[in-house]
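K.L.:
This is the content of model38.txt (compact mmCIF, C-alpha atoms):
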# COMPACT_ATOMS: atom_id res chain seq x y z
CA MET A 1 -9.84 -16.49 14.84
CA SER A 2 -12.87 -14.28 14.48
CA TYR A 3 -11.47 -12.66 11.32
CA LEU A 4 -11.44 -15.98 9.49
CA ALA A 5 -14.87 -16.80 10.88
CA ASP A 6 -16.18 -13.51 9.47
CA VAL A 7 -14.63 -14.25 6.10
CA ARG A 8 -16.10 -17.74 6.11
CA ALA A 9 -19.57 -16.49 7.02
CA LEU A 10 -19.50 -13.81 4.33
CA ALA A 11 -18.18 -16.13 1.63
CA ARG A 12 -20.73 -18.76 2.62
CA LYS A 13 -23.49 -16.21 2.15
CA ASP A 14 -22.36 -15.53 -1.43
CA LEU A 15 -22.02 -19.20 -2.31
CA LEU A 16 -25.40 -19.99 -0.80
CA LEU A 17 -26.96 -17.15 -2.73
CA GLU A 18 -25.47 -18.48 -5.96
CA LEU A 19 -26.57 -22.02 -5.13
CA ARG A 20 -30.15 -20.82 -4.78
CA ALA A 21 -30.39 -18.19 -7.49
CA ARG A 22 -27.82 -19.62 -9.97
CA ASP A 23 -27.41 -16.41 -11.90
CA THR A 24 -23.64 -16.01 -12.21
CA LEU A 25 -21.98 -19.35 -12.87
CA PRO A 26 -24.26 -20.57 -15.69
CA ALA A 27 -23.80 -17.20 -17.42
CA MET A 28 -20.01 -17.48 -17.12
CA LEU A 29 -20.01 -21.03 -18.50
CA LEU A 30 -22.22 -20.21 -21.43
CA PHE A 31 -20.20 -17.09 -22.15
CA VAL A 32 -16.82 -18.81 -22.15
CA VAL A 33 -17.95 -21.60 -24.48
CA ALA A 34 -19.55 -19.07 -26.83
CA VAL A 35 -16.32 -17.08 -26.81
CA PHE A 36 -14.36 -20.19 -27.82
CA VAL A 37 -16.66 -20.73 -30.77
CA VAL A 38 -16.20 -17.10 -31.78
CA PHE A 39 -12.44 -17.57 -31.50
CA HIS A 40 -12.56 -20.65 -33.68
CA PHE A 41 -14.11 -18.65 -36.48
CA SER A 42 -11.88 -15.64 -35.94
CA LEU A 43 -8.72 -17.72 -36.39
CA PRO A 44 -8.03 -18.41 -40.07
CA ALA A 45 -7.23 -22.00 -41.04
CA ARG A 46 -3.47 -21.80 -40.93
CA SER A 47 -3.01 -19.77 -37.76
CA SER A 48 -0.86 -21.48 -35.19
CA ASP A 49 -1.84 -23.11 -31.91
CA VAL A 50 0.08 -20.37 -30.16
CA ALA A 51 -2.53 -17.85 -31.30
CA ALA A 52 -5.30 -19.95 -29.78
CA GLY A 53 -3.31 -20.22 -26.54
CA GLY A 54 -3.12 -16.44 -26.38
CA LEU A 55 -6.85 -16.13 -26.98
CA LEU A 56 -7.52 -18.44 -24.04
CA TRP A 57 -6.26 -15.61 -21.84
CA VAL A 58 -8.62 -13.16 -23.47
CA ALA A 59 -11.45 -15.58 -22.74
CA ILE A 60 -10.39 -15.95 -19.09
CA ILE A 61 -10.19 -12.20 -18.54
CA PHE A 62 -13.59 -11.51 -20.08
CA THR A 63 -15.28 -14.42 -18.35
CA ALA A 64 -13.87 -13.21 -15.05
CA LEU A 65 -15.12 -9.72 -15.86
CA LEU A 66 -18.60 -11.13 -16.31
CA GLY A 67 -18.49 -12.69 -12.83
CA LEU A 68 -16.86 -9.65 -11.25
CA GLY A 69 -19.53 -7.38 -12.69
CA ARG A 70 -22.14 -9.44 -10.85
CA ALA A 71 -20.17 -9.71 -7.60
CA PHE A 72 -21.55 -6.69 -5.80
CA VAL A 73 -24.95 -6.57 -7.50
CA PRO A 74 -26.82 -8.30 -4.64
CA GLU A 75 -25.15 -5.96 -2.15
CA ARG A 76 -26.26 -3.01 -4.22
CA GLU A 77 -29.81 -4.12 -4.90
CA GLN A 78 -30.57 -5.17 -1.34
CA ARG A 79 -28.42 -2.41 0.22
CA VAL A 80 -26.49 -5.05 2.14
CA LEU A 81 -23.25 -3.12 1.92
CA ASP A 82 -24.44 -0.49 4.40
CA ALA A 83 -25.25 -3.25 6.86
CA LEU A 84 -21.91 -4.97 6.30
CA VAL A 85 -20.05 -1.74 6.96
CA LEU A 86 -22.01 -1.31 10.19
CA ALA A 87 -21.29 -4.89 11.26
CA PRO A 88 -18.54 -5.27 13.87
CA CYS A 89 -16.04 -6.95 11.55
CA ASP A 90 -12.89 -5.78 9.83
CA ARG A 91 -13.85 -4.20 6.48
CA SER A 92 -11.14 -6.06 4.64
CA ALA A 93 -13.01 -9.27 5.50
CA ILE A 94 -15.79 -8.10 3.16
CA TRP A 95 -13.30 -7.87 0.32
CA LEU A 96 -11.58 -11.15 1.13
CA ALA A 97 -14.84 -13.07 1.35
CA LYS A 98 -16.12 -11.62 -1.90
CA ALA A 99 -12.82 -12.34 -3.62
CA LEU A 100 -12.94 -15.96 -2.42
CA ALA A 101 -16.51 -16.38 -3.63
CA THR A 102 -15.65 -14.90 -7.03
CA LEU A 103 -12.56 -17.10 -7.17
CA THR A 104 -14.76 -20.14 -6.59
CA PHE A 105 -17.02 -19.19 -9.51
CA LEU A 106 -14.07 -18.50 -11.77
CA VAL A 107 -12.31 -21.77 -10.95
CA LEU A 108 -15.55 -23.70 -11.46
CA ALA A 109 -16.03 -21.99 -14.82
CA GLU A 110 -12.47 -22.88 -15.79
CA LEU A 111 -12.91 -26.49 -14.77
CA VAL A 112 -15.30 -26.66 -17.71
CA ALA A 113 -13.60 -24.08 -19.92
CA VAL A 114 -10.10 -25.61 -19.96
CA PRO A 115 -11.24 -29.11 -21.07
CA VAL A 116 -13.49 -27.50 -23.68
CA PHE A 117 -10.53 -25.45 -24.87
CA ALA A 118 -8.45 -28.64 -25.09
CA LEU A 119 -11.24 -30.25 -27.10
CA PHE A 120 -11.65 -27.34 -29.51
CA PHE A 121 -8.03 -26.23 -29.87
CA HIS A 122 -5.17 -28.00 -28.07
CA GLY A 123 -4.16 -29.29 -24.65
CA LEU A 124 -2.43 -27.07 -22.11
CA SER A 125 0.95 -27.55 -20.48
CA ALA A 126 1.29 -27.92 -16.72
CA ALA A 127 2.90 -24.47 -16.58
CA ALA A 128 -0.12 -22.96 -18.30
CA ILE A 129 -2.43 -24.55 -15.72
CA VAL A 130 -0.32 -23.19 -12.85
CA ALA A 131 -0.33 -19.79 -14.56
CA ILE A 132 -4.13 -19.89 -14.81
CA VAL A 133 -4.42 -20.61 -11.09
CA LEU A 134 -2.01 -17.81 -10.18
CA ALA A 135 -3.75 -15.43 -12.56
CA ASP A 136 -7.14 -16.31 -11.03
CA LEU A 137 -5.88 -15.16 -7.65
CA GLY A 138 -4.78 -11.80 -9.03
CA ILE A 139 -7.89 -11.35 -11.16
CA CYS A 140 -10.21 -11.98 -8.22
CA ALA A 141 -8.22 -9.89 -5.74
CA VAL A 142 -8.01 -6.82 -7.98
CA GLY A 143 -11.32 -7.35 -9.77
CA THR A 144 -13.39 -7.66 -6.61
CA PHE A 145 -11.80 -4.54 -5.24
CA LEU A 146 -12.54 -2.58 -8.40
CA GLY A 147 -16.03 -4.08 -8.50
CA ALA A 148 -16.70 -2.57 -5.09
CA MET A 149 -15.43 0.77 -6.40
CA ALA A 150 -17.54 0.56 -9.54
CA VAL A 151 -20.82 -0.07 -7.70
CA ALA A 152 -20.26 3.13 -5.73
CA THR A 153 -20.34 5.18 -8.94
CA ARG A 154 -23.09 6.25 -11.30
CA ALA A 155 -21.54 4.49 -14.28
CA ARG A 156 -21.40 1.09 -12.49
CA ASP A 157 -21.26 -1.73 -15.05
CA LEU A 158 -19.67 0.53 -17.60
CA LEU A 159 -16.79 1.44 -15.36
CA LEU A 160 -15.53 -1.96 -14.19
CA PRO A 161 -13.93 -3.07 -17.50
CA LEU A 162 -12.31 0.34 -17.90
CA LEU A 163 -10.81 0.16 -14.42
CA PHE A 164 -9.90 -3.50 -14.64
CA LEU A 165 -8.35 -4.03 -18.08
CA PRO A 166 -5.28 -1.78 -17.66
CA LEU A 167 -4.56 -3.64 -14.42
CA ALA A 168 -5.10 -6.99 -16.14
CA ILE A 169 -2.46 -6.36 -18.81
CA PRO A 170 0.42 -7.61 -16.58
CA ILE A 171 -1.62 -10.75 -15.80
CA VAL A 172 -2.06 -11.47 -19.49
CA ILE A 173 1.64 -10.93 -20.13
CA GLY A 174 2.59 -13.30 -17.32
CA GLY A 175 0.01 -15.89 -18.33
CA VAL A 176 0.76 -15.90 -22.04
CA GLY A 177 4.48 -15.89 -21.30
CA ALA A 178 4.17 -18.92 -19.03
CA SER A 179 2.10 -20.77 -21.67
CA VAL A 180 4.41 -20.22 -24.64
CA VAL A 181 8.03 -20.22 -23.47
CA SER A 182 10.01 -23.35 -22.62
CA SER A 183 11.18 -22.18 -19.18
CA PRO A 184 8.14 -20.50 -17.60
CA GLY A 185 9.63 -20.01 -14.11
CA ARG A 186 10.12 -16.27 -14.46
CA TYR A 187 6.57 -15.70 -15.66
CA LEU A 188 5.06 -17.77 -12.87
CA GLY A 189 7.20 -15.87 -10.39
CA PHE A 190 5.98 -12.62 -11.87
CA LEU A 191 2.35 -13.69 -11.54
CA GLY A 192 3.00 -14.63 -7.90
CA LEU A 193 4.57 -11.23 -7.29
CA TYR A 194 1.61 -9.49 -8.92
CA ASP A 195 -0.84 -11.43 -6.71
CA LEU A 196 1.11 -10.64 -3.58
CA MET A 197 1.54 -6.91 -4.24
CA PHE A 198 -1.99 -6.21 -5.32
CA ALA A 199 -3.56 -8.43 -2.67
CA LEU A 200 -1.67 -6.44 -0.03
CA VAL A 201 -2.76 -3.10 -1.47
CA CYS A 202 -6.37 -4.25 -1.75
CA TRP A 203 -6.41 -5.71 1.71
CA ALA A 204 -4.95 -2.57 3.25
CA SER A 205 -7.11 -0.03 1.42
CA PHE A 206 -10.52 -1.71 1.07
CA GLU A 207 -11.79 0.08 4.14
CA TYR A 208 -11.61 3.42 2.31
CA VAL A 209 -13.73 2.12 -0.56
CA VAL A 210 -16.74 1.33 1.61
CA THR A 211 -16.45 4.08 4.21
CA GLU A 212 -16.34 7.84 4.04
CA MET B 1 0.33 24.82 6.70
CA THR B 2 -0.86 21.31 7.39
CA PRO B 3 1.53 18.92 9.12
CA GLY B 4 1.60 16.64 6.08
CA ARG B 5 2.84 19.38 3.84
CA ALA B 6 5.44 20.61 6.31
CA GLN B 7 7.10 17.21 6.16
CA LEU B 8 7.67 17.61 2.47
CA GLY B 9 10.51 20.04 3.13
CA THR B 10 11.65 21.57 -0.11
CA VAL B 11 8.35 20.96 -1.90
CA GLY B 12 6.63 22.64 1.03
CA ARG B 13 8.73 25.74 0.50
CA LEU B 14 7.90 25.76 -3.21
CA HIS B 15 4.33 26.60 -2.26
CA HIS B 16 5.41 30.08 -1.16
CA ILE B 17 6.80 31.10 -4.52
CA SER B 18 4.32 33.33 -6.31
CA LEU B 19 2.80 32.31 -9.62
CA PRO B 20 4.26 35.20 -11.67
CA ALA B 21 7.75 34.31 -10.42
CA LEU B 22 7.20 30.69 -11.40
CA ALA B 23 5.90 31.70 -14.81
CA ALA B 24 8.93 33.96 -15.39
CA ALA B 25 11.32 31.19 -14.35
CA SER B 26 9.56 28.77 -16.71
CA LEU B 27 9.79 31.23 -19.56
CA VAL B 28 13.52 31.75 -19.04
CA LEU B 29 14.25 28.05 -18.67
CA VAL B 30 12.12 26.99 -21.64
CA THR B 31 13.75 29.62 -23.84
CA ALA B 32 17.20 28.48 -22.73
CA ALA B 33 16.26 24.85 -23.33
CA LEU B 34 14.92 25.56 -26.83
CA ALA B 35 18.07 27.52 -27.70
CA LEU B 36 20.30 24.72 -26.43
CA VAL B 37 18.32 21.94 -28.12
CA PHE B 38 18.13 23.59 -31.53
CA PHE B 39 21.36 25.58 -31.75
CA VAL B 40 23.96 24.28 -29.31
CA ALA B 41 23.55 20.52 -28.90
CA PRO B 42 25.55 18.59 -31.53
CA ASN B 43 23.88 16.40 -34.12
CA ASP B 44 23.68 12.74 -33.22
CA GLN B 45 26.21 10.67 -35.14
CA PHE B 46 23.65 8.14 -36.40
CA LEU B 47 20.21 9.66 -35.96
CA GLY B 48 21.12 13.19 -37.02
CA PHE B 49 18.94 16.21 -36.33
CA SER B 50 15.84 14.22 -35.36
CA GLN B 51 17.59 12.85 -32.29
CA ARG B 52 17.04 16.25 -30.67
CA ILE B 53 13.47 15.29 -29.83
CA PHE B 54 15.05 12.94 -27.30
CA TYR B 55 15.68 15.89 -24.97
CA PHE B 56 12.00 16.71 -24.83
CA HIS B 57 10.81 13.12 -24.88
CA VAL B 58 12.89 11.98 -21.91
CA SER B 59 12.31 15.17 -19.90
CA ILE B 60 8.57 14.94 -20.41
CA ALA B 61 8.51 11.25 -19.51
CA PHE B 62 10.40 11.91 -16.27
CA THR B 63 8.01 14.76 -15.43
CA ALA B 64 5.01 12.54 -16.10
CA TYR B 65 6.33 9.90 -13.70
CA LEU B 66 6.93 12.59 -11.08
CA SER B 67 3.39 13.89 -11.55
CA PHE B 68 1.91 10.42 -11.07
CA GLY B 69 4.14 9.98 -8.03
CA LEU B 70 3.01 13.32 -6.62
CA GLY B 71 -0.60 12.36 -7.26
CA ALA B 72 -0.13 9.12 -5.34
CA TRP B 73 1.70 10.88 -2.51
CA LYS B 74 -1.14 13.39 -2.15
CA ALA B 75 -3.60 10.50 -2.25
CA LEU B 76 -1.72 8.87 0.59
CA LEU B 77 -1.80 12.15 2.55
CA HIS B 78 -5.54 12.26 2.01
CA LEU B 79 -6.10 8.76 3.35
CA TRP B 80 -3.51 8.93 6.10
CA LYS B 81 -3.52 12.49 7.44
CA ARG B 82 -6.93 13.55 6.12
CA ASP B 83 -5.29 16.62 4.62
CA PRO B 84 -8.27 18.63 3.28
CA ASN B 85 -6.35 19.93 0.26
CA ALA B 86 -4.81 16.63 -0.73
CA ASP B 87 -7.70 15.30 -2.84
CA LEU B 88 -7.71 18.27 -5.19
CA GLU B 89 -3.92 18.32 -5.37
CA SER B 90 -3.81 14.62 -6.15
CA TYR B 91 -6.35 15.09 -8.94
CA VAL B 92 -4.50 18.04 -10.45
CA ALA B 93 -1.17 16.19 -10.33
CA ILE B 94 -2.66 13.17 -12.08
CA HIS B 95 -4.35 15.38 -14.64
CA GLN B 96 -0.96 16.94 -15.30
CA GLY B 97 0.61 13.50 -15.53
CA VAL B 98 -1.91 12.40 -18.14
CA ILE B 99 -1.27 15.49 -20.26
CA PHE B 100 2.47 14.90 -20.11
CA GLY B 101 1.88 11.19 -20.70
CA VAL B 102 0.08 11.98 -23.95
CA LEU B 103 3.02 14.20 -24.92
CA VAL B 104 5.36 11.28 -24.23
CA LEU B 105 3.32 9.14 -26.61
CA VAL B 106 3.33 11.86 -29.27
CA THR B 107 7.05 12.67 -29.03
CA GLY B 108 7.94 8.98 -28.77
CA SER B 109 5.87 8.25 -31.83
CA ILE B 110 7.60 10.99 -33.81
CA TRP B 111 10.98 9.77 -32.64
CA ALA B 112 10.14 6.19 -33.64
CA LYS B 113 9.03 7.37 -37.08
CA TYR B 114 12.25 9.25 -37.77
CA SER B 115 14.56 6.68 -36.22
CA TRP B 116 13.00 3.42 -37.36
CA GLY B 117 10.36 4.37 -39.88
CA HIS B 118 7.29 3.34 -37.86
CA TRP B 119 4.88 5.52 -35.93
CA TRP B 120 4.33 2.84 -33.34
CA LEU B 121 6.75 0.20 -32.06
CA TRP B 122 5.73 -2.44 -29.56
CA SER B 123 9.42 -2.98 -28.88
CA GLU B 124 9.73 0.49 -27.35
CA ASN B 125 9.14 -0.33 -23.69
CA GLN B 126 8.72 3.26 -22.61
CA LEU B 127 5.99 3.90 -25.18
CA VAL B 128 4.09 0.74 -24.33
CA LEU B 129 4.29 1.51 -20.62
CA PHE B 130 2.92 4.98 -21.21
CA LEU B 131 0.08 3.55 -23.26
CA VAL B 132 -0.86 1.26 -20.35
CA LEU B 133 -0.57 4.16 -17.90
CA PHE B 134 -2.63 6.37 -20.18
CA LEU B 135 -5.42 3.78 -20.21
CA PHE B 136 -5.17 3.37 -16.45
CA TYR B 137 -5.26 7.07 -15.63
CA ALA B 138 -7.91 7.84 -18.24
CA ALA B 139 -10.10 5.43 -16.26
CA TYR B 140 -9.25 7.51 -13.18
CA PHE B 141 -11.13 10.41 -14.77
CA MET B 142 -14.07 8.18 -15.65
CA LEU B 143 -14.15 7.10 -12.02
CA ARG B 144 -13.85 10.61 -10.68
CA PHE B 145 -16.55 12.06 -12.88
CA SER B 146 -19.08 9.36 -12.15
CA VAL B 147 -19.11 9.90 -8.40
CA ASP B 148 -20.63 12.96 -6.73
CA ASP B 149 -18.26 15.40 -5.09
CA GLY B 150 -17.71 14.43 -1.48
CA PRO B 151 -15.66 12.30 0.90
CA GLN B 152 -16.43 9.07 -0.92
CA ARG B 153 -15.19 10.38 -4.23
CA ALA B 154 -12.00 11.56 -2.57
CA ASN B 155 -11.49 8.12 -1.03
CA LEU B 156 -12.14 6.16 -4.22
CA CYS B 157 -9.86 8.39 -6.26
CA ALA B 158 -7.11 8.25 -3.64
CA VAL B 159 -7.18 4.47 -3.51
CA TYR B 160 -7.11 4.24 -7.30
CA ALA B 161 -4.20 6.68 -7.44
CA LEU B 162 -2.30 4.45 -5.03
CA PHE B 163 -2.95 1.48 -7.33
CA GLY B 164 -1.10 3.49 -9.95
CA VAL B 165 2.20 3.49 -8.10
CA VAL B 166 1.97 -0.28 -7.76
CA LEU B 167 1.00 -0.64 -11.41
CA ILE B 168 3.94 1.40 -12.75
CA PRO B 169 6.73 -0.94 -11.56
CA VAL B 170 4.62 -4.06 -12.16
CA SER B 171 3.82 -2.99 -15.73
CA PHE B 172 7.40 -1.99 -16.32
CA LEU B 173 8.52 -5.46 -15.31
CA ALA B 174 5.74 -7.11 -17.32
CA ILE B 175 6.56 -5.21 -20.49
CA ARG B 176 10.23 -6.11 -20.09
CA LEU B 177 9.21 -9.76 -19.73
CA ALA B 178 6.91 -9.54 -22.73
CA GLN B 179 9.86 -8.61 -24.94
CA ASN B 180 11.07 -12.17 -24.68
CA PHE B 181 8.12 -13.70 -26.45
CA ILE B 182 6.46 -10.86 -28.31
CA HIS B 183 9.47 -9.15 -29.87
CA PRO B 184 12.69 -11.09 -29.94
CA ILE B 185 14.34 -8.41 -32.05
CA VAL B 186 15.21 -5.39 -29.98
CA PHE B 187 16.30 -2.24 -31.69
CA THR B 188 19.58 -1.20 -30.23
CA ARG B 189 19.96 2.46 -29.64
CA HIS B 190 23.37 3.47 -30.91
CA GLY B 191 25.13 4.32 -27.72
CA ALA B 192 26.51 7.63 -28.82
CA ASN B 193 28.96 9.09 -26.33
CA PHE B 194 26.55 11.11 -24.31
CA GLY B 195 28.51 13.93 -22.78
CA GLY B 196 29.45 17.60 -22.89
CA TRP B 197 26.81 19.79 -24.46
CA MET B 198 24.39 16.92 -24.84
CA LEU B 199 24.36 16.41 -21.10
CA VAL B 200 24.02 20.14 -20.39
CA THR B 201 21.18 20.41 -22.90
CA TYR B 202 19.42 17.45 -21.34
CA PHE B 203 19.65 18.86 -17.80
CA VAL B 204 18.47 22.32 -18.83
CA THR B 205 15.56 20.84 -20.81
CA GLN B 206 14.67 18.64 -17.87
CA ALA B 207 14.70 21.61 -15.50
CA ALA B 208 12.62 23.65 -17.95
CA VAL B 209 9.96 20.96 -18.37
CA LEU B 210 9.79 20.38 -14.62
CA MET B 211 9.44 24.10 -13.94
CA LEU B 212 6.79 24.44 -16.62
CA ALA B 213 4.90 21.46 -15.22
CA TYR B 214 5.04 22.82 -11.70
CA THR B 215 3.83 26.22 -12.87
CA LEU B 216 0.92 24.65 -14.75
CA TYR B 217 0.12 22.55 -11.69
CA ARG B 218 -0.03 25.64 -9.52
CA VAL B 219 -2.11 27.56 -12.06
CA GLU B 220 -4.64 24.78 -12.35
CA LEU B 221 -4.75 24.33 -8.59
CA ALA B 222 -5.37 28.06 -8.12
CA GLY B 223 -8.14 27.95 -10.72
CA LYS B 224 -9.80 24.92 -9.18
CA ARG B 225 -9.63 26.41 -5.68
CA LEU B 226 -11.17 29.63 -6.97
CA ASP B 227 -13.97 27.58 -8.54
CA ALA B 228 -14.61 25.78 -5.27
CA ARG B 229 -14.64 29.04 -3.29
CA LEU B 230 -16.98 30.65 -5.78
CA ARG B 231 -19.33 27.69 -5.54
CA ARG B 232 -19.31 27.86 -1.74
CA LEU B 233 -20.00 31.59 -1.82
CA ARG B 234 -22.85 31.15 -4.26
CA GLU B 235 -24.34 28.41 -2.10
CA SER B 236 -24.10 30.52 1.04
CA TYR B 237 -25.86 33.47 -0.63
CA ALA B 238 -28.52 31.41 -2.35
Go through the file and emit its structure as structure tokens.
P.N.:
Amino acid sequence: MSYLADVRALARKDLLLELRARDTLPAMLLFVVAVFVVFHFSLPARSSDVAAGGLLWVAIIFTALLGLGRAFVPEREQRVLDALVLAPCDRSAIWLAKALATLTFLVLAELVAVPVFALFFHGLSAAAIVAIVLADLGICAVGTFLGAMAVATRARDLLLPLLFLPLAIPIVIGGVGASVVSSPGRYLGFLGLYDLMFALVCWASFEYVVTE
Amino acid sequence: MTPGRAQLGTVGRLHHISLPALAAASLVLVTAALALVFFVAPNDQFLGFSQRIFYFHVSIAFTAYLSFGLGAWKALLHLWKRDPNADLESYVAIHQGVIFGVLVLVTGSIWAKYSWGHWWLWSENQLVLFLVLFLFYAAYFMLRFSVDDGPQRANLCAVYALFGVVLIPVSFLAIRLAQNFIHPIVFTRHGANFGGWMLVTYFVTQAAVLMLAYTLYRVELAGKRLDARLRRLRESYA
């Protein structure tokens, strides 16, 4: 399975880079905790727990955006992308590896963020946790793809949130729905469907983002 | 004619109709539609005169969806068949879709005000969907204008346009799902018996808006092609 070997090698490169430079994950962790503190003060005393649960999703989206914005920065600064495109591997492997690396950072950030959220606000239901995992998949699949698009433009960092947020609205709806209703099955199913559809589109069309 | 366009059948034949003929047809149809909407269609039993905006609102919304669909189809032709015209056509179709999308928001807002007393209703699925699509396609322009003209721009825009056709059904579903926890109260539209002159008026208005949209699409395409040719000429003489 040379495809999987390519993906593993590429993802390993990103994780190794992060392990040595440590410039993405600490920023995401600090950001998400700071956001929670901001949320605490933006919720008046008698607002319900449900409001805080909704804000958790805002925090997840923006924290992910922070990581996604960094995802292709090394490729851009060192001009690695040109070399990767020349390398004899399927181009979609570049996307898949980057999405997996970003997913790792996001999950690691959430491993801290969710307990902190529970400490500051309230605990989360099992359905909400499953929804977060499913949402992470969609966020990283779509976000990495759009990140690769954004680095090809002049606007770069400015463009990614603009491209990403309209596509993240369904994720927020699915996630918040799964966290607040009593029978979350439909919302989890929806998140799964979102992941599947967008992952397929990204996988099939990534080649056109990095080639001419 | 490129092979991709030949496959389109009827739409392919539309390309041969001259612009003045299209403009004349639009004029006739729009006049007929206005006459029907304001003078022939009966007043709605519950919503009265203001319900007439429905004819425009729904026709424009349908046209906007078609424009986005056409934009995505042309994007696919660009990526798949490498049709040299497809990039520009995709851009013009999406541009058209955004203009009609804004009109959907405006007419929907007016309708909401006169029917329910609010300029904006989160319970109106169509309006919310168009807001999401507006944000999505507005970002398309940001993307397009921050990349230099060339094959890469065409590719990026085409891929993003294809995302749009996935986003439309996904968002539609999501907004339907959101109703369950965001807005438990759904305004019921009084199901007036929709027949006779109402139906005729709707179909004529729909045809008029479609014809107008297609004419505008062709006009803009002609203008943009002229621009491109002029630029090439200038470069070759410089």
K.L.:
Using Å and a single decimal, report how far atom CA of Gly69 of chain A sits from atom CA of Leu159 of chain A.
P.N.:
9.6 Å
K.L.:
Tell me, in Å to one decimal, how far atom CA of Phe105 of chain A is from atom CA of Ala27 of chain A.
P.N.:
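Here the two named atoms are 10.6 Å from each other.
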K.L.:
Please list, as a ChimeraX atom specification, the residues that have an atom at most 7 Å away from (8.9, -1.0, -17.9) in the coordinates of this file, counting all atoms listed in the file.
P.N.:
/B:125-126,129,169,171-176
K.L.:
Using all atoms listed in the file and a cutoff of 12 Å, can you tell me which residues are near (-15.1, -16.2, -28.5) in the file's coordinates, and write them out as a PyMOL selection string?
P.N.:
chain A and resi 30-43+52+55-63+113+117+120
K.L.:
Grab the residues selected above and save them as a PDB file, keeping the file's coordinate frame with C-alpha atoms.
P.N.:
ATOM      1  CA  LEU A  30     -22.220 -20.210 -21.430  1.00  0.00           C
ATOM      2  CA  PHE A  31     -20.200 -17.090 -22.150  1.00  0.00           C
ATOM      3  CA  VAL A  32     -16.820 -18.810 -22.150  1.00  0.00           C
ATOM      4  CA  VAL A  33     -17.950 -21.600 -24.480  1.00  0.00           C
ATOM      5  CA  ALA A  34     -19.550 -19.070 -26.830  1.00  0.00           C
ATOM      6  CA  VAL A  35     -16.320 -17.080 -26.810  1.00  0.00           C
ATOM      7  CA  PHE A  36     -14.360 -20.190 -27.820  1.00  0.00           C
ATOM      8  CA  VAL A  37     -16.660 -20.730 -30.770  1.00  0.00           C
ATOM      9  CA  VAL A  38     -16.200 -17.100 -31.780  1.00  0.00           C
ATOM     10  CA  PHE A  39     -12.440 -17.570 -31.500  1.00  0.00           C
ATOM     11  CA  HIS A  40     -12.560 -20.650 -33.680  1.00  0.00           C
ATOM     12  CA  PHE A  41     -14.110 -18.650 -36.480  1.00  0.00           C
ATOM     13  CA  SER A  42     -11.880 -15.640 -35.940  1.00  0.00           C
ATOM     14  CA  LEU A  43      -8.720 -17.720 -36.390  1.00  0.00           C
ATOM     15  CA  ALA A  52      -5.300 -19.950 -29.780  1.00  0.00           C
ATOM     16  CA  LEU A  55      -6.850 -16.130 -26.980  1.00  0.00           C
ATOM     17  CA  LEU A  56      -7.520 -18.440 -24.040  1.00  0.00           C
ATOM     18  CA  TRP A  57      -6.260 -15.610 -21.840  1.00  0.00           C
ATOM     19  CA  VAL A  58      -8.620 -13.160 -23.470  1.00  0.00           C
ATOM     20  CA  ALA A  59     -11.450 -15.580 -22.740  1.00  0.00           C
ATOM     21  CA  ILE A  60     -10.390 -15.950 -19.090  1.00  0.00           C
ATOM     22  CA  ILE A  61     -10.190 -12.200 -18.540  1.00  0.00           C
ATOM     23  CA  PHE A  62     -13.590 -11.510 -20.080  1.00  0.00           C
ATOM     24  CA  THR A  63     -15.280 -14.420 -18.350  1.00  0.00           C
ATOM     25  CA  ALA A 113     -13.600 -24.080 -19.920  1.00  0.00           C
ATOM     26  CA  PHE A 117     -10.530 -25.450 -24.870  1.00  0.00           C
ATOM     27  CA  PHE A 120     -11.650 -27.340 -29.510  1.00  0.00           C
TER      28      PHE A 120
END
K.L.:
Could you write out as AutoDock Vina command-line options the box around segment 136-150 of chain A (axis-aligned, all atoms listed in the file, 3 Å on each side), with centre and edge lengths in Å to one decimal?
P.N.:
--center_x -11.2 --center_y -7.8 --center_z -8.1 --size_x 18.8 --size_y 23.1 --size_z 12.1
K.L.:
Rounded to one decimal place, report the atom CA of Val30 of chain B-atom CA of Leu212 of chain B distance in Å.
P.N.:
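A separation of 7.8 Å between them.
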